[in-house]
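Raw contents of run02.cif, mmCIF, C-alpha atoms:
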data_model
loop_
_atom_site.group_PDB
_atom_site.id
_atom_site.type_symbol
_atom_site.label_atom_id
_atom_site.label_comp_id
_atom_site.auth_asym_id
_atom_site.auth_seq_id
_atom_site.Cartn_x
_atom_site.Cartn_y
_atom_site.Cartn_z
ATOM 1 C CA MET J 1 -134.885 -24.684 -154.713
ATOM 2 C CA GLY J 2 -134.111 -28.345 -155.234
ATOM 3 C CA GLU J 3 -133.810 -30.511 -158.339
ATOM 4 C CA ARG J 4 -133.793 -28.553 -161.616
ATOM 5 C CA ASN J 5 -133.143 -31.331 -164.147
ATOM 6 C CA PHE J 6 -136.276 -33.012 -165.515
ATOM 7 C CA VAL J 7 -135.171 -33.973 -169.019
ATOM 8 C CA ASN J 8 -137.757 -36.213 -170.738
ATOM 9 C CA ALA J 9 -140.140 -36.056 -167.744
ATOM 10 C CA ASN J 10 -143.786 -37.022 -168.184
ATOM 11 C CA LEU J 11 -145.836 -34.185 -166.684
ATOM 12 C CA ARG J 12 -148.825 -34.485 -168.999
ATOM 13 C CA CYS J 13 -151.929 -32.814 -167.475
ATOM 14 C CA ALA J 14 -149.907 -31.675 -164.424
ATOM 15 C CA ILE J 15 -151.194 -28.729 -162.412
ATOM 16 C CA LEU J 16 -148.242 -26.399 -161.919
ATOM 17 C CA ALA J 17 -150.053 -23.052 -161.807
ATOM 18 C CA SER J 18 -148.087 -20.201 -160.191
ATOM 19 C CA VAL J 19 -145.040 -22.340 -159.409
ATOM 20 C CA LYS J 20 -141.489 -20.956 -159.574
ATOM 21 C CA LEU J 21 -139.545 -23.019 -162.102
ATOM 22 C CA SER J 22 -136.996 -20.490 -163.340
ATOM 23 C CA GLU J 23 -133.879 -22.031 -164.901
ATOM 24 C CA ILE J 24 -135.390 -25.542 -164.796
ATOM 25 C CA ASN J 25 -134.433 -28.076 -167.476
ATOM 26 C CA LEU J 26 -137.586 -29.579 -168.989
ATOM 27 C CA SER J 27 -136.122 -30.325 -172.402
ATOM 28 C CA TYR J 28 -137.928 -33.143 -174.234
ATOM 29 C CA ALA J 29 -140.529 -33.271 -171.427
ATOM 30 C CA SER J 30 -144.195 -34.071 -172.046
ATOM 31 C CA LEU J 31 -146.314 -31.216 -170.673
ATOM 32 C CA SER J 32 -149.302 -31.452 -172.994
ATOM 33 C CA TRP J 33 -152.548 -30.257 -171.376
ATOM 34 C CA ALA J 34 -150.586 -29.063 -168.297
ATOM 35 C CA ASP J 35 -151.702 -25.995 -166.333
ATOM 36 C CA LEU J 36 -148.693 -23.679 -166.082
ATOM 37 C CA SER J 37 -150.695 -20.471 -165.814
ATOM 38 C CA GLN J 38 -148.833 -17.686 -163.981
ATOM 39 C CA ALA J 39 -145.789 -19.989 -163.607
ATOM 40 C CA ASN J 40 -142.281 -18.524 -163.572
ATOM 41 C CA LEU J 41 -140.374 -20.343 -166.305
ATOM 42 C CA SER J 42 -137.859 -17.591 -166.993
ATOM 43 C CA LYS J 43 -134.602 -18.929 -168.449
ATOM 44 C CA ALA J 44 -136.088 -22.455 -168.454
ATOM 45 C CA ASP J 45 -134.842 -24.988 -170.997
ATOM 46 C CA LEU J 46 -137.898 -26.357 -172.779
ATOM 47 C CA THR J 47 -136.070 -27.444 -175.926
ATOM 48 C CA ALA J 48 -138.176 -29.913 -177.952
ATOM 49 C CA ALA J 49 -140.719 -30.244 -175.113
ATOM 50 C CA ASP J 50 -144.383 -31.040 -175.843
ATOM 51 C CA LEU J 51 -146.522 -28.193 -174.493
ATOM 52 C CA SER J 52 -149.428 -28.765 -176.878
ATOM 53 C CA GLN J 53 -152.761 -27.573 -175.470
ATOM 54 C CA ALA J 54 -151.005 -26.350 -172.287
ATOM 55 C CA ASN J 55 -152.305 -23.379 -170.315
ATOM 56 C CA LEU J 56 -149.438 -20.885 -170.098
ATOM 57 C CA SER J 57 -151.574 -17.788 -169.687
ATOM 58 C CA GLY J 58 -149.740 -15.119 -167.719
ATOM 59 C CA ALA J 59 -146.607 -17.298 -167.497
ATOM 60 C CA ASP J 60 -143.136 -15.762 -167.412
ATOM 61 C CA LEU J 61 -141.134 -17.407 -170.190
ATOM 62 C CA SER J 62 -138.681 -14.552 -170.594
ATOM 63 C CA LYS J 63 -135.315 -15.694 -171.984
ATOM 64 C CA ALA J 64 -136.584 -19.293 -172.057
ATOM 65 C CA TYR J 65 -135.199 -21.817 -174.554
ATOM 66 C CA LEU J 66 -138.116 -23.142 -176.609
ATOM 67 C CA MET J 67 -136.333 -24.317 -179.753
ATOM 68 C CA ARG J 68 -138.321 -27.008 -181.629
ATOM 69 C CA THR J 69 -140.927 -26.976 -178.834
ATOM 70 C CA ASN J 70 -144.484 -28.066 -179.673
ATOM 71 C CA LEU J 71 -146.832 -25.343 -178.400
ATOM 72 C CA SER J 72 -149.683 -26.103 -180.812
ATOM 73 C CA GLY J 73 -153.041 -25.059 -179.397
ATOM 74 C CA ALA J 74 -151.463 -23.643 -176.223
ATOM 75 C CA ASP J 75 -152.894 -20.632 -174.372
ATOM 76 C CA LEU J 76 -150.191 -17.970 -174.022
ATOM 77 C CA GLN J 77 -152.465 -15.001 -173.331
ATOM 78 C CA GLN J 78 -150.621 -12.243 -171.436
ATOM 79 C CA ALA J 79 -147.486 -14.423 -171.260
ATOM 80 C CA SER J 80 -144.039 -12.832 -171.210
ATOM 81 C CA LEU J 81 -141.781 -14.297 -173.884
ATOM 82 C CA HIS J 82 -139.375 -11.355 -173.838
ATOM 83 C CA GLY J 83 -136.091 -12.505 -175.370
ATOM 84 C CA ALA J 84 -137.255 -16.137 -175.613
ATOM 85 C CA ASN J 85 -135.794 -18.420 -178.283
ATOM 86 C CA LEU J 86 -138.670 -20.034 -180.197
ATOM 87 C CA SER J 87 -136.734 -20.917 -183.341
ATOM 88 C CA SER J 88 -138.306 -23.801 -185.279
ATOM 89 C CA ALA J 89 -141.069 -24.084 -182.644
ATOM 90 C CA ASN J 90 -144.619 -25.178 -183.501
ATOM 91 C CA LEU J 91 -146.969 -22.358 -182.471
ATOM 92 C CA SER J 92 -149.861 -23.318 -184.739
ATOM 93 C CA GLU J 93 -153.277 -22.289 -183.390
ATOM 94 C CA VAL J 94 -151.640 -20.631 -180.338
ATOM 95 C CA ASN J 95 -153.417 -17.796 -178.525
ATOM 96 C CA LEU J 96 -150.843 -15.028 -177.960
ATOM 97 C CA THR J 97 -153.359 -12.279 -177.144
ATOM 98 C CA GLY J 98 -151.571 -9.558 -175.182
ATOM 99 C CA ALA J 99 -148.318 -11.559 -175.022
ATOM 100 C CA ASP J 100 -144.909 -9.852 -174.914
ATOM 101 C CA LEU J 101 -142.649 -11.225 -177.662
ATOM 102 C CA THR J 102 -140.201 -8.319 -177.554
ATOM 103 C CA LEU J 103 -136.808 -9.436 -178.911
ATOM 104 C CA ALA J 104 -138.037 -13.041 -179.216
ATOM 105 C CA ASN J 105 -136.489 -15.326 -181.837
ATOM 106 C CA LEU J 106 -139.304 -16.796 -183.941
ATOM 107 C CA SER J 107 -137.144 -17.728 -186.925
ATOM 108 C CA LEU J 108 -138.495 -20.724 -188.852
ATOM 109 C CA ALA J 109 -141.410 -21.050 -186.383
ATOM 110 C CA ASP J 110 -144.743 -22.495 -187.514
ATOM 111 C CA LEU J 111 -147.262 -19.735 -186.707
ATOM 112 C CA ARG J 112 -150.178 -21.014 -188.815
ATOM 113 C CA GLY J 113 -153.481 -19.885 -187.331
ATOM 114 C CA ALA J 114 -151.818 -18.150 -184.347
ATOM 115 C CA ASN J 115 -153.618 -15.219 -182.711
ATOM 116 C CA PHE J 116 -151.303 -12.235 -182.133
ATOM 117 C CA HIS J 117 -154.048 -9.767 -181.083
ATOM 118 C CA LEU J 118 -152.515 -6.883 -179.055
ATOM 119 C CA CYS J 119 -149.227 -8.804 -178.862
ATOM 120 C CA ASN J 120 -145.881 -6.945 -178.751
ATOM 121 C CA LEU J 121 -143.526 -8.125 -181.514
ATOM 122 C CA SER J 122 -141.014 -5.264 -181.186
ATOM 123 C CA GLY J 123 -137.573 -6.418 -182.293
ATOM 124 C CA ALA J 124 -138.735 -10.011 -182.801
ATOM 125 C CA ASN J 125 -136.880 -12.125 -185.377
ATOM 126 C CA LEU J 126 -139.508 -13.511 -187.768
ATOM 127 C CA THR J 127 -137.102 -14.723 -190.470
ATOM 128 C CA GLY J 128 -138.576 -17.695 -192.323
ATOM 129 C CA ALA J 129 -141.609 -17.960 -189.996
ATOM 130 C CA LEU J 130 -144.802 -19.446 -191.476
ATOM 131 C CA PHE J 131 -147.790 -17.099 -190.996
ATOM 132 C CA ILE J 132 -150.624 -18.704 -193.014
ATOM 133 C CA GLU J 133 -154.032 -17.680 -191.564
ATOM 134 C CA SER J 134 -152.426 -15.967 -188.542
ATOM 135 C CA ASP J 135 -154.230 -13.034 -186.941
ATOM 136 C CA LEU J 136 -151.754 -10.161 -186.699
ATOM 137 C CA ALA J 137 -154.491 -7.566 -186.193
ATOM 138 C CA PHE J 138 -153.442 -4.888 -183.763
ATOM 139 C CA ALA J 139 -150.065 -6.519 -183.052
ATOM 140 C CA ARG J 140 -147.317 -4.010 -182.196
ATOM 141 C CA GLN J 141 -144.182 -4.325 -184.284
#

Just dump the structure as C-alpha cells.
Amino acid sequence: MGERNFVNANLRCAILASVKLSEINLSYASLSWADLSQANLSKADLTAADLSQANLSGADLSKAYLMRTNLSGADLQQASLHGANLSSANLSEVNLTGADLTLANLSLADLRGANFHLCNLSGANLTGALFIESDLAFARQ
C-alpha cells in the first residue's frame, strides 16, 4: 500500500529483500547493486531502469515491464519472469539458473555470456536476441 510511483528514483545499493512492490513504477530508477531477492515485483514497470549487479534471486518479476532495462551482471537465479517484457534489455553476464522465462519477450535482448542453466524458455520470444557465449545447456525450450 502507499506510493507506487518512483520514476527516476536513486535506490542504488538499497536492501529491499522480500518486499511487496507489485505494480510499482520504477522506470528509469537506479537500482544497481540493490538486494531485491525474494521481492514481489510482479507487473512492475522497470522500463529503462539500471539493475546492473542487483540481487534478484527468487524475485517475482512475472508480467513485469523491463524494456531497455540494464540487468548486466544481475543474479536472477530461481526468479519468475513468466510473461515479462524484456525487449531490448541488457542481460549480459546474467545468472538465470533455474529461472522461469515462460512466454517472456526477449526480442532484441543482449544475452551475451548469460547463464540459462535449467531455465524454462517455453514460448519465449527470442527474435533478434544476441546469444554470443551464452550457456543454454539444459535450458527447457

For this session: For the file shown, report as a list in words the outcome of the PyMOL selection byres ((chain J and resi 3) around 12) at residue level.
Result: Met1, Gly2, Arg4, Asn5, Phe6, Val7, Leu21, Ser22, Glu23, Ile24, Asn25 and Leu26 of chain J

Problem set entry | Hits from the PyMOL selection byres ((chain J and resi 48) around 12), listed as a PyMOL selection string | chain J and resi 7-8+25-31+45-47+49-52+65-71+85-90

Problem set entry | Using all atoms listed in the file: which of J:Leu121, J:Ala17, J:Ala34, J:Val94 has the shortest distance to Ala59 in chain J | J:Ala17

Exercise. Just how far from CA of Leu56 in chain J is CA of Asp35 in chain J, in Å to one decimal?
Worked result: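 For CA of Asp35 in chain J relative to CA of Leu56 in chain J, the distance reads 6.7 Å.
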
Exercise. Excluding same-chain residues fewer than 4 positions from Thr97 in chain J, what lies within 6 Å of it counting all atoms listed in the file, as a VMD selection string?
Worked result: chain J and resid 77 116 to 119

For this session: To verify the selection step, state as a PyMOL selection string which residues the PyMOL selection byres ((chain J and resi 127) around 9) yields on this input.
Result: chain J and resi 105-109+125-126+128-129

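Between CA of Gln38 in chain J and CA of Ser57 in chain J the interatomic distance comes to 6.3 Å.
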
Enclose the full set of atoms of range 89-93 of chain J listed in the file within a box whose edges lie along x, y and z, apply 5 Å of padding to each of the six sides, and report centre and edge lengths in Å to one decimal as lines of an AutoDock Vina configuration file.
center_x = -147.2
center_y = -23.7
center_z = -183.6
size_x = 22.2
size_y = 12.9
size_z = 12.3

Exercise. When you draw a straight line from CA of Lys20 in chain J to CA of Ala39 in chain J, how long is it in Å?
Worked result: 6.0 Å

For this session: Using all atoms listed in the file, find all polymer residues with an atom at most 6 Å away from the point (-144.4, -20.5, -192.3); report them as a VMD selection string.
Result: chain J and resid 110 129 to 131

For this session: Tell me which of J:Leu91, J:Leu111, J:Ala99, J:Ala54 sits closest to Arg12 in chain J, counting all atoms listed in the file.
Result: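 For Arg12 in chain J, the nearest of the candidates is J:Ala54.
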
Problem set entry | Among listed residues J:Trp33, J:Glu93, J:Leu101, J:Ser72, nearest Ile132 in chain J (using all atoms listed in the file) | J:Glu93

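Closest to Gln78 in chain J among J:Gln53, J:Ile15, J:Leu96, J:Ser42 is J:Leu96, based on all atoms listed in the file.
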
For this session: Considering only C-alpha atoms, return as a PyMOL selection string whatever protein or nucleic-acid residues lie within 8 Å of Ser62 in chain J, sequence-local ones (same chain, fewer than 2 positions apart) excluded.
Result: chain J and resi 41-43+60+64+80-84

Is it possible to produce a file of range 88-101 of chain J from this structure, with all heavy atoms, as a compact mmCIF listing (two decimals), in the first residue's frame?
# COMPACT_ATOMS: atom_id res chain seq x y z
N SER J 88 14.79 -5.58 -25.85
CA SER J 88 15.93 -4.65 -25.91
C SER J 88 16.63 -4.47 -24.56
O SER J 88 17.37 -3.50 -24.37
CB SER J 88 15.50 -3.29 -26.47
OG SER J 88 15.00 -3.44 -27.78
N ALA J 89 16.44 -5.38 -23.63
CA ALA J 89 17.10 -5.30 -22.32
C ALA J 89 18.54 -5.81 -22.41
O ALA J 89 18.88 -6.62 -23.26
CB ALA J 89 16.33 -6.11 -21.28
N ASN J 90 19.39 -5.32 -21.51
CA ASN J 90 20.77 -5.80 -21.42
C ASN J 90 20.83 -6.85 -20.32
O ASN J 90 20.74 -6.53 -19.14
CB ASN J 90 21.71 -4.63 -21.10
CG ASN J 90 23.16 -5.07 -21.00
OD1 ASN J 90 23.48 -6.26 -21.05
ND2 ASN J 90 24.04 -4.11 -20.83
N LEU J 91 20.98 -8.12 -20.73
CA LEU J 91 21.09 -9.23 -19.79
C LEU J 91 22.46 -9.90 -19.93
O LEU J 91 22.61 -11.09 -19.69
CB LEU J 91 19.98 -10.26 -20.03
CG LEU J 91 18.59 -9.79 -19.62
CD1 LEU J 91 17.69 -9.63 -20.82
CD2 LEU J 91 17.98 -10.73 -18.62
N SER J 92 23.47 -9.13 -20.30
CA SER J 92 24.80 -9.71 -20.45
C SER J 92 25.34 -10.14 -19.09
O SER J 92 25.17 -9.45 -18.09
CB SER J 92 25.75 -8.71 -21.13
OG SER J 92 25.86 -7.53 -20.37
N GLU J 93 25.94 -11.33 -19.09
CA GLU J 93 26.55 -11.91 -17.88
C GLU J 93 25.55 -12.15 -16.74
O GLU J 93 25.93 -12.22 -15.57
CB GLU J 93 27.72 -11.05 -17.38
CG GLU J 93 28.80 -10.79 -18.41
CD GLU J 93 29.52 -12.06 -18.86
OE1 GLU J 93 29.68 -12.98 -18.04
OE2 GLU J 93 29.91 -12.12 -20.04
N VAL J 94 24.27 -12.29 -17.06
CA VAL J 94 23.23 -12.52 -16.05
C VAL J 94 23.16 -14.00 -15.69
O VAL J 94 23.32 -14.86 -16.54
CB VAL J 94 21.86 -12.04 -16.58
CG1 VAL J 94 20.71 -12.53 -15.73
CG2 VAL J 94 21.84 -10.54 -16.67
N ASN J 95 22.92 -14.30 -14.43
CA ASN J 95 22.73 -15.67 -13.98
C ASN J 95 21.24 -15.95 -13.89
O ASN J 95 20.56 -15.45 -13.01
CB ASN J 95 23.39 -15.91 -12.63
CG ASN J 95 23.34 -17.36 -12.20
OD1 ASN J 95 22.71 -18.19 -12.85
ND2 ASN J 95 23.99 -17.67 -11.10
N LEU J 96 20.74 -16.75 -14.85
CA LEU J 96 19.32 -17.11 -14.91
C LEU J 96 19.10 -18.59 -14.54
O LEU J 96 18.11 -19.19 -14.95
CB LEU J 96 18.78 -16.84 -16.31
CG LEU J 96 18.62 -15.36 -16.67
CD1 LEU J 96 18.59 -15.17 -18.18
CD2 LEU J 96 17.37 -14.79 -16.03
N THR J 97 20.00 -19.16 -13.77
CA THR J 97 19.89 -20.57 -13.40
C THR J 97 18.55 -20.84 -12.73
O THR J 97 18.19 -20.20 -11.74
CB THR J 97 21.04 -20.98 -12.44
OG1 THR J 97 22.28 -20.74 -13.08
CG2 THR J 97 20.93 -22.43 -12.04
N GLY J 98 17.80 -21.77 -13.31
CA GLY J 98 16.51 -22.17 -12.73
C GLY J 98 15.41 -21.14 -12.86
O GLY J 98 14.34 -21.29 -12.28
N ALA J 99 15.63 -20.07 -13.63
CA ALA J 99 14.61 -19.02 -13.78
C ALA J 99 13.49 -19.47 -14.71
O ALA J 99 13.68 -20.32 -15.57
CB ALA J 99 15.25 -17.75 -14.32
N ASP J 100 12.30 -18.91 -14.52
CA ASP J 100 11.15 -19.19 -15.36
C ASP J 100 10.94 -18.03 -16.32
O ASP J 100 10.50 -16.96 -15.91
CB ASP J 100 9.90 -19.41 -14.50
CG ASP J 100 8.66 -19.71 -15.33
OD1 ASP J 100 8.79 -19.93 -16.56
OD2 ASP J 100 7.56 -19.74 -14.76
N LEU J 101 11.26 -18.27 -17.61
CA LEU J 101 11.09 -17.25 -18.64
C LEU J 101 9.98 -17.67 -19.61
O LEU J 101 9.96 -17.26 -20.76
CB LEU J 101 12.40 -17.04 -19.39
CG LEU J 101 13.46 -16.25 -18.63
CD1 LEU J 101 14.85 -16.55 -19.14
CD2 LEU J 101 13.18 -14.78 -18.70
